[in-house]
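**Student:** What follows is the file structure28.txt, containing compact mmCIF, C-alpha atoms:
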```txt
# COMPACT_ATOMS: atom_id res chain seq x y z
CA MET A 1 -38.99 8.63 18.81
CA LYS A 2 -40.19 5.07 18.23
CA SER A 3 -38.06 2.31 16.69
CA SER A 4 -40.37 2.13 13.65
CA ASP A 5 -39.77 5.86 12.99
CA ILE A 6 -36.01 5.24 13.03
CA ASP A 7 -36.39 2.27 10.68
CA GLN A 8 -38.30 4.39 8.13
CA ASP A 9 -35.46 6.92 8.16
CA LEU A 10 -32.76 4.24 7.78
CA PHE A 11 -34.37 1.94 5.23
CA THR A 12 -36.15 3.63 2.33
CA GLU A 13 -37.29 2.34 -1.06
CA SER A 14 -34.22 3.79 -2.77
CA TYR A 15 -31.49 4.02 -0.11
CA CYS A 16 -30.18 2.05 2.89
CA LYS A 17 -28.49 4.53 5.23
CA VAL A 18 -26.96 1.78 7.41
CA CYS A 19 -25.04 0.29 4.45
CA SER A 20 -24.82 3.48 2.35
CA ALA A 21 -26.37 1.55 -0.54
CA GLN A 22 -28.26 3.13 -3.43
CA LEU A 23 -31.16 0.84 -4.39
CA ILE A 24 -32.22 1.34 -7.99
CA SER A 25 -34.62 -1.51 -8.73
CA GLU A 26 -37.11 -3.67 -6.85
CA SER A 27 -34.95 -6.79 -7.29
CA GLN A 28 -31.85 -4.96 -6.06
CA ARG A 29 -33.76 -3.65 -3.02
CA VAL A 30 -35.08 -7.11 -2.12
CA ALA A 31 -31.65 -8.73 -2.60
CA HIS A 32 -29.96 -6.06 -0.48
CA TYR A 33 -32.41 -6.09 2.42
CA GLU A 34 -32.36 -9.91 2.57
CA SER A 35 -28.55 -10.20 2.40
CA ARG A 36 -26.38 -11.40 5.29
CA LYS A 37 -24.07 -8.40 4.93
CA HIS A 38 -27.02 -6.00 5.44
CA ALA A 39 -28.26 -8.00 8.45
CA SER A 40 -24.79 -7.91 10.00
CA LYS A 41 -24.47 -4.14 9.54
CA VAL A 42 -27.96 -3.59 10.98
CA ARG A 43 -27.07 -5.64 14.08
CA LEU A 44 -23.89 -3.63 14.52
CA TYR A 45 -25.78 -0.37 14.00
CA TYR A 46 -28.33 -1.21 16.69
CA MET A 47 -25.55 -2.26 19.08
CA LEU A 48 -23.90 1.13 18.60
CA HIS A 49 -27.18 3.09 18.57
CA PRO A 50 -29.48 1.47 21.14
CA THR A 51 -33.12 2.58 20.93
CA ASP A 52 -33.28 3.36 24.68
CA GLY A 53 -30.22 5.63 24.48
CA GLY A 54 -28.25 3.66 27.09
CA CYS A 55 -25.19 1.47 27.04
CA PRO A 56 -26.06 -1.57 24.90
CA ALA A 57 -24.76 -4.01 27.51
CA LYS A 58 -25.87 -2.19 30.67
CA LYS A 59 -26.03 1.35 31.99
CA LEU A 60 -22.89 1.31 34.11
CA ARG A 61 -21.37 3.84 36.44
CA SER A 62 -17.83 5.01 35.93
CA GLU A 63 -15.12 4.30 38.51
CA ASN A 64 -15.73 7.52 40.46
CA GLY A 65 -19.42 6.65 40.93
CA SER A 66 -20.78 9.52 38.87
CA ASP A 67 -23.95 8.99 36.87
CA ASP A 68 -22.83 10.69 33.64
CA ASP A 69 -22.78 8.97 30.23
CA VAL A 70 -19.16 7.84 30.52
CA VAL A 71 -18.92 4.06 30.49
CA ASP A 72 -15.90 2.43 32.13
CA LYS A 73 -14.17 0.43 29.38
CA ASN A 74 -13.03 -2.10 31.99
CA LYS A 75 -16.70 -2.91 32.69
CA CYS A 76 -18.37 -2.66 29.28
CA CYS A 77 -17.49 -2.82 25.57
CA THR A 78 -20.31 -1.01 23.79
CA LEU A 79 -19.00 -2.08 20.39
CA CYS A 80 -19.34 -5.81 21.13
CA ASN A 81 -22.20 -5.43 23.65
CA MET A 82 -20.25 -7.20 26.39
CA SER A 83 -19.74 -6.56 30.09
CA PHE A 84 -16.70 -7.67 32.08
CA THR A 85 -16.04 -8.83 35.62
CA SER A 86 -12.52 -7.39 35.83
CA ALA A 87 -9.96 -5.24 34.03
CA VAL A 88 -7.97 -8.37 33.09
CA VAL A 89 -10.99 -9.89 31.33
CA ALA A 90 -11.66 -6.57 29.60
CA GLU A 91 -8.07 -6.27 28.37
CA SER A 92 -8.17 -9.83 27.06
CA HIS A 93 -11.33 -8.97 25.12
CA TYR A 94 -9.88 -5.77 23.64
CA GLN A 95 -6.83 -7.69 22.37
CA GLY A 96 -8.97 -10.49 20.93
CA LYS A 97 -10.05 -11.31 17.38
CA ILE A 98 -13.76 -10.64 17.85
CA HIS A 99 -13.24 -7.07 19.05
CA ALA A 100 -10.66 -6.39 16.31
CA LYS A 101 -13.02 -7.71 13.63
CA ARG A 102 -15.92 -5.55 14.84
CA LEU A 103 -13.66 -2.51 15.04
CA LYS A 104 -12.51 -3.03 11.44
CA LEU A 105 -16.11 -3.45 10.33
CA LEU A 106 -17.05 -0.23 12.10
CA LEU A 107 -14.20 1.62 10.38
CA GLY A 108 -15.35 0.29 7.02
CA GLU A 109 -12.38 -1.97 6.36
CA GLN A 110 -13.06 -5.14 4.39
CA PRO A 111 -12.03 -8.40 6.07
CA PRO A 112 -9.08 -10.06 4.30
CA LEU A 113 -9.81 -12.91 1.92
CA LYS A 114 -8.94 -16.27 3.43
CA ALA A 115 -6.05 -17.98 1.70
CA THR A 116 -6.90 -21.47 0.46
CA GLY A 117 -3.91 -23.61 -0.38
CA LEU A 118 -1.68 -22.18 -3.09
CA LYS A 119 -4.40 -20.11 -4.75
CA ARG A 120 -3.74 -16.42 -5.02
CA SER A 121 -6.11 -13.55 -5.68
CA TYR A 122 -5.48 -10.31 -7.53
CA THR A 123 -7.38 -7.15 -6.60
CA CYS A 124 -8.05 -4.08 -8.71
CA SER A 125 -8.45 -1.25 -6.20
CA ILE A 126 -9.84 1.09 -8.88
CA CYS A 127 -12.82 -1.17 -9.68
CA ASN A 128 -12.92 -2.93 -6.30
CA VAL A 129 -12.90 -6.43 -7.84
CA THR A 130 -10.93 -9.55 -6.93
CA LEU A 131 -9.77 -11.97 -9.59
CA ASN A 132 -8.52 -15.54 -9.22
CA SER A 133 -5.65 -15.60 -11.70
CA ILE A 134 -3.07 -13.32 -13.23
CA GLU A 135 -4.64 -13.96 -16.64
CA GLN A 136 -8.03 -12.73 -15.42
CA TYR A 137 -6.35 -9.70 -13.85
CA HIS A 138 -4.59 -8.74 -17.10
CA ALA A 139 -7.81 -9.24 -19.07
CA HIS A 140 -9.63 -7.04 -16.56
CA LEU A 141 -7.04 -4.27 -16.94
CA LYS A 142 -7.67 -4.24 -20.70
CA GLY A 143 -11.46 -4.31 -20.31
CA SER A 144 -13.83 -1.43 -20.97
CA LYS A 145 -15.21 -1.17 -17.40
CA HIS A 146 -11.72 -0.81 -15.96
CA GLN A 147 -10.76 1.73 -18.60
CA THR A 148 -13.90 3.77 -17.86
CA ASN A 149 -13.24 3.68 -14.10
CA LEU A 150 -9.63 4.67 -14.73
CA LYS A 151 -10.72 7.74 -16.74
CA ASN A 152 -13.29 8.75 -14.12
CA GLN A 153 -10.76 8.66 -11.30
```
Show me the file's structure as structure tokens.
**Tutor:**
Amino acid sequence: MKSSDIDQDLFTESYCKVCSAQLISESQRVAHYESRKHASKVRLYYMLHPTDGGCPAKKLRSENGSDDDVVDKNKCCTLCNMSFTSAVVAESHYQGKIHAKRLKLLLGEQPPLKATGLKRSYTCSICNVTLNSIEQYHAHLKGSKHQTNLKNQ
């Protein structure tokens, strides 16, 4: 199967399988496919699903020398597309911020909002929106969109 065949399956006129995004209009489709978030998820997807079927970093042998598809985690992190020179370097990577961030992204968790000074944000988990003040949050709770989402839950 060629890479272009895979792309046609992943990115259609009405749906992006990589991002699980329904694309209703032309403008929405263009905005989505040109977004940084989409580009980031596509890069991660291709790291986890290499077109040649091998380990993204390198096709490595496991410790016992066998040629099966098991990759030694002390030699290669397929998630981050990195190879290591020793178990100590590998362990340092697995405990690091970059690996943790990619793992959270893979699991679908949203990165936390960065705190700036004394500002606080308020999140409505029902509507998946973040508001900048308690006043906005209370107004949102009284709003029609929130009430509709609350009923549909």
**Student:** Quick one: residues within 9 Å of Lys37 of chain A, all atoms listed in the file, excluding same-chain residues fewer than 5 positions away - as a ChimeraX atom specification?
**Tutor:** /A:19,32,42
**Student:** Can you tell me which residues surround Glu135 of chain A at a distance of at most 12 Å, considering all atoms listed in the file, apart from same-chain residues fewer than 5 positions away, and format the answer as a PDB file with C-alpha atoms, keeping the file's coordinate frame?
**Tutor:**
```pdb
ATOM      1  CA  ARG A 120      -3.740 -16.420  -5.020  1.00  0.00           C
ATOM      2  CA  SER A 121      -6.110 -13.550  -5.680  1.00  0.00           C
ATOM      3  CA  TYR A 122      -5.480 -10.310  -7.530  1.00  0.00           C
ATOM      4  CA  HIS A 140      -9.630  -7.040 -16.560  1.00  0.00           C
ATOM      5  CA  LEU A 141      -7.040  -4.270 -16.940  1.00  0.00           C
ATOM      6  CA  LYS A 142      -7.670  -4.240 -20.700  1.00  0.00           C
TER       7      LYS A 142
END
```
**Student:** So how many Å separate atom CA of Leu150 of chain A and atom CA of Ser25 of chain A, to one decimal?
**Tutor:**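 Taking atom CA of Leu150 of chain A as the start and atom CA of Ser25 of chain A as the end point, the length is 26.4 Å.
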**Student:** If we count only C-alpha atoms, what is near Ser40 of chain A at a cut-off of 12 Å, once residues fewer than 5 positions away on the same chain are taken out, given as an MDAnalysis selection string?
**Tutor:** chainID A and resid 18:19 32:35 45:47 102 105:106
**Student:** What is the atom CA of Leu103 of chain A-atom CA of Asp9 of chain A distance in Å, reported with one decimal?
**Tutor:**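 Calculated distance between atom CA of Leu103 of chain A and atom CA of Asp9 of chain A is 24.7 Å.
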**Student:** At what distance in Å, to one decimal, does atom CA of Asn149 of chain A lie from atom CA of Ile24 of chain A?
**Tutor:**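 Atom-to-atom, atom CA of Ile24 of chain A and atom CA of Asn149 of chain A are spaced 20.1 Å apart.
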**Student:** Between A:Ser20, A:Ile98, A:Thr148, A:His38, which has the minimum distance to Cys80 of chain A (counting all atoms listed in the file)?
**Tutor:**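 Of all the options, A:Ile98 lies closest to Cys80 of chain A.
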**Student:** Within 9 Å of (-18.4, -7.0, 29.5), in the coordinates the file gives, what residues turn up when you count all atoms listed in the file, written out as a PyMOL selection string?
**Tutor:** chain A and resi 57-58+73-78+80-86+89-90+93
**Student:** With C-alpha atoms retained, export the selected residues as a PDB file, keeping the file's coordinate frame.
**Tutor:**
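Written out: result.pdb:
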```pdb
ATOM      1  CA  ALA A  57     -24.760  -4.010  27.510  1.00  0.00           C
ATOM      2  CA  LYS A  58     -25.870  -2.190  30.670  1.00  0.00           C
ATOM      3  CA  LYS A  73     -14.170   0.430  29.380  1.00  0.00           C
ATOM      4  CA  ASN A  74     -13.030  -2.100  31.990  1.00  0.00           C
ATOM      5  CA  LYS A  75     -16.700  -2.910  32.690  1.00  0.00           C
ATOM      6  CA  CYS A  76     -18.370  -2.660  29.280  1.00  0.00           C
ATOM      7  CA  CYS A  77     -17.490  -2.820  25.570  1.00  0.00           C
ATOM      8  CA  THR A  78     -20.310  -1.010  23.790  1.00  0.00           C
ATOM      9  CA  CYS A  80     -19.340  -5.810  21.130  1.00  0.00           C
ATOM     10  CA  ASN A  81     -22.200  -5.430  23.650  1.00  0.00           C
ATOM     11  CA  MET A  82     -20.250  -7.200  26.390  1.00  0.00           C
ATOM     12  CA  SER A  83     -19.740  -6.560  30.090  1.00  0.00           C
ATOM     13  CA  PHE A  84     -16.700  -7.670  32.080  1.00  0.00           C
ATOM     14  CA  THR A  85     -16.040  -8.830  35.620  1.00  0.00           C
ATOM     15  CA  SER A  86     -12.520  -7.390  35.830  1.00  0.00           C
ATOM     16  CA  VAL A  89     -10.990  -9.890  31.330  1.00  0.00           C
ATOM     17  CA  ALA A  90     -11.660  -6.570  29.600  1.00  0.00           C
ATOM     18  CA  HIS A  93     -11.330  -8.970  25.120  1.00  0.00           C
TER      19      HIS A  93
END
```
**Student:** Please rebuild segment 36-47 of chain A with all heavy atoms and give the result as an mmCIF file, in the frame of the given file.
**Tutor:**
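The resulting file, part20.cif, is shown below:
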```cif
data_model
loop_
_atom_site.group_PDB
_atom_site.id
_atom_site.type_symbol
_atom_site.label_atom_id
_atom_site.label_comp_id
_atom_site.auth_asym_id
_atom_site.auth_seq_id
_atom_site.Cartn_x
_atom_site.Cartn_y
_atom_site.Cartn_z
ATOM 1 N N ARG A 36 -27.036 -11.217 3.987
ATOM 2 C CA ARG A 36 -26.380 -11.400 5.290
ATOM 3 C C ARG A 36 -25.552 -10.171 5.663
ATOM 4 O O ARG A 36 -25.463 -9.809 6.826
ATOM 5 C CB ARG A 36 -25.464 -12.620 5.248
ATOM 6 C CG ARG A 36 -26.196 -13.905 5.423
ATOM 7 C CD ARG A 36 -25.210 -15.014 5.670
ATOM 8 N NE ARG A 36 -25.461 -16.079 4.714
ATOM 9 C CZ ARG A 36 -24.645 -17.046 4.432
ATOM 10 N NH1 ARG A 36 -23.480 -17.104 5.006
ATOM 11 N NH2 ARG A 36 -24.959 -17.972 3.567
ATOM 12 N N LYS A 37 -24.916 -9.570 4.669
ATOM 13 C CA LYS A 37 -24.070 -8.400 4.930
ATOM 14 C C LYS A 37 -24.924 -7.258 5.506
ATOM 15 O O LYS A 37 -24.525 -6.602 6.467
ATOM 16 C CB LYS A 37 -23.400 -7.963 3.625
ATOM 17 C CG LYS A 37 -22.335 -6.919 3.790
ATOM 18 C CD LYS A 37 -21.620 -6.689 2.477
ATOM 19 C CE LYS A 37 -20.504 -5.683 2.613
ATOM 20 N NZ LYS A 37 -19.802 -5.450 1.361
ATOM 21 N N HIS A 38 -26.113 -7.028 4.936
ATOM 22 C CA HIS A 38 -27.020 -6.000 5.440
ATOM 23 C C HIS A 38 -27.437 -6.334 6.878
ATOM 24 O O HIS A 38 -27.393 -5.471 7.759
ATOM 25 C CB HIS A 38 -28.249 -5.880 4.537
ATOM 26 C CG HIS A 38 -29.330 -5.020 5.112
ATOM 27 N ND1 HIS A 38 -29.255 -3.648 5.144
ATOM 28 C CD2 HIS A 38 -30.502 -5.356 5.708
ATOM 29 C CE1 HIS A 38 -30.349 -3.170 5.731
ATOM 30 N NE2 HIS A 38 -31.117 -4.181 6.076
ATOM 31 N N ALA A 39 -27.824 -7.590 7.108
ATOM 32 C CA ALA A 39 -28.260 -8.000 8.450
ATOM 33 C C ALA A 39 -27.153 -7.782 9.480
ATOM 34 O O ALA A 39 -27.408 -7.312 10.593
ATOM 35 C CB ALA A 39 -28.689 -9.465 8.429
ATOM 36 N N SER A 40 -25.924 -8.093 9.097
ATOM 37 C CA SER A 40 -24.790 -7.910 10.000
ATOM 38 C C SER A 40 -24.578 -6.434 10.323
ATOM 39 O O SER A 40 -24.359 -6.068 11.479
ATOM 40 C CB SER A 40 -23.533 -8.493 9.345
ATOM 41 O OG SER A 40 -22.422 -8.265 10.160
ATOM 42 N N LYS A 41 -24.653 -5.577 9.304
ATOM 43 C CA LYS A 41 -24.470 -4.140 9.540
ATOM 44 C C LYS A 41 -25.603 -3.554 10.368
ATOM 45 O O LYS A 41 -25.391 -2.650 11.173
ATOM 46 C CB LYS A 41 -24.317 -3.401 8.216
ATOM 47 C CG LYS A 41 -22.970 -3.636 7.574
ATOM 48 C CD LYS A 41 -22.750 -2.728 6.395
ATOM 49 C CE LYS A 41 -21.352 -2.947 5.826
ATOM 50 N NZ LYS A 41 -21.040 -2.002 4.760
ATOM 51 N N VAL A 42 -26.817 -4.060 10.189
ATOM 52 C CA VAL A 42 -27.960 -3.590 10.980
ATOM 53 C C VAL A 42 -27.768 -3.979 12.442
ATOM 54 O O VAL A 42 -27.983 -3.159 13.340
ATOM 55 C CB VAL A 42 -29.287 -4.145 10.418
ATOM 56 C CG1 VAL A 42 -30.440 -3.894 11.385
ATOM 57 C CG2 VAL A 42 -29.582 -3.513 9.064
ATOM 58 N N ARG A 43 -27.334 -5.222 12.693
ATOM 59 C CA ARG A 43 -27.070 -5.640 14.080
ATOM 60 C C ARG A 43 -26.024 -4.747 14.725
ATOM 61 O O ARG A 43 -26.186 -4.302 15.859
ATOM 62 C CB ARG A 43 -26.610 -7.104 14.126
ATOM 63 C CG ARG A 43 -27.739 -8.099 14.095
ATOM 64 C CD ARG A 43 -27.254 -9.498 14.453
ATOM 65 N NE ARG A 43 -26.227 -10.006 13.544
ATOM 66 C CZ ARG A 43 -26.467 -10.592 12.386
ATOM 67 N NH1 ARG A 43 -27.698 -10.746 11.972
ATOM 68 N NH2 ARG A 43 -25.483 -11.025 11.632
ATOM 69 N N LEU A 44 -24.945 -4.483 13.997
ATOM 70 C CA LEU A 44 -23.890 -3.630 14.520
ATOM 71 C C LEU A 44 -24.419 -2.214 14.764
ATOM 72 O O LEU A 44 -24.127 -1.609 15.791
ATOM 73 C CB LEU A 44 -22.699 -3.591 13.548
ATOM 74 C CG LEU A 44 -21.515 -2.734 13.964
ATOM 75 C CD1 LEU A 44 -20.923 -3.238 15.278
ATOM 76 C CD2 LEU A 44 -20.451 -2.734 12.885
ATOM 77 N N TYR A 45 -25.221 -1.704 13.847
ATOM 78 C CA TYR A 45 -25.780 -0.370 14.000
ATOM 79 C C TYR A 45 -26.608 -0.269 15.279
ATOM 80 O O TYR A 45 -26.465 0.663 16.059
ATOM 81 C CB TYR A 45 -26.655 -0.010 12.790
ATOM 82 C CG TYR A 45 -27.322 1.332 12.935
ATOM 83 C CD1 TYR A 45 -26.661 2.494 12.554
ATOM 84 C CD2 TYR A 45 -28.596 1.452 13.486
ATOM 85 C CE1 TYR A 45 -27.257 3.736 12.713
ATOM 86 C CE2 TYR A 45 -29.195 2.679 13.640
ATOM 87 C CZ TYR A 45 -28.525 3.819 13.252
ATOM 88 O OH TYR A 45 -29.111 5.044 13.424
ATOM 89 N N TYR A 46 -27.487 -1.263 15.500
ATOM 90 C CA TYR A 46 -28.330 -1.210 16.690
ATOM 91 C C TYR A 46 -27.539 -1.440 17.970
ATOM 92 O O TYR A 46 -27.949 -0.986 19.041
ATOM 93 C CB TYR A 46 -29.497 -2.194 16.584
ATOM 94 C CG TYR A 46 -30.602 -1.652 15.701
ATOM 95 C CD1 TYR A 46 -30.996 -2.320 14.551
ATOM 96 C CD2 TYR A 46 -31.232 -0.451 16.003
ATOM 97 C CE1 TYR A 46 -31.994 -1.807 13.738
ATOM 98 C CE2 TYR A 46 -32.226 0.070 15.203
ATOM 99 C CZ TYR A 46 -32.609 -0.617 14.072
ATOM 100 O OH TYR A 46 -33.589 -0.093 13.280
ATOM 101 N N MET A 47 -26.406 -2.129 17.893
ATOM 102 C CA MET A 47 -25.550 -2.260 19.080
ATOM 103 C C MET A 47 -24.928 -0.907 19.419
ATOM 104 O O MET A 47 -24.790 -0.554 20.582
ATOM 105 C CB MET A 47 -24.439 -3.278 18.830
ATOM 106 C CG MET A 47 -24.857 -4.688 19.073
ATOM 107 S SD MET A 47 -23.428 -5.747 19.132
ATOM 108 C CE MET A 47 -23.548 -6.534 17.567
#
```
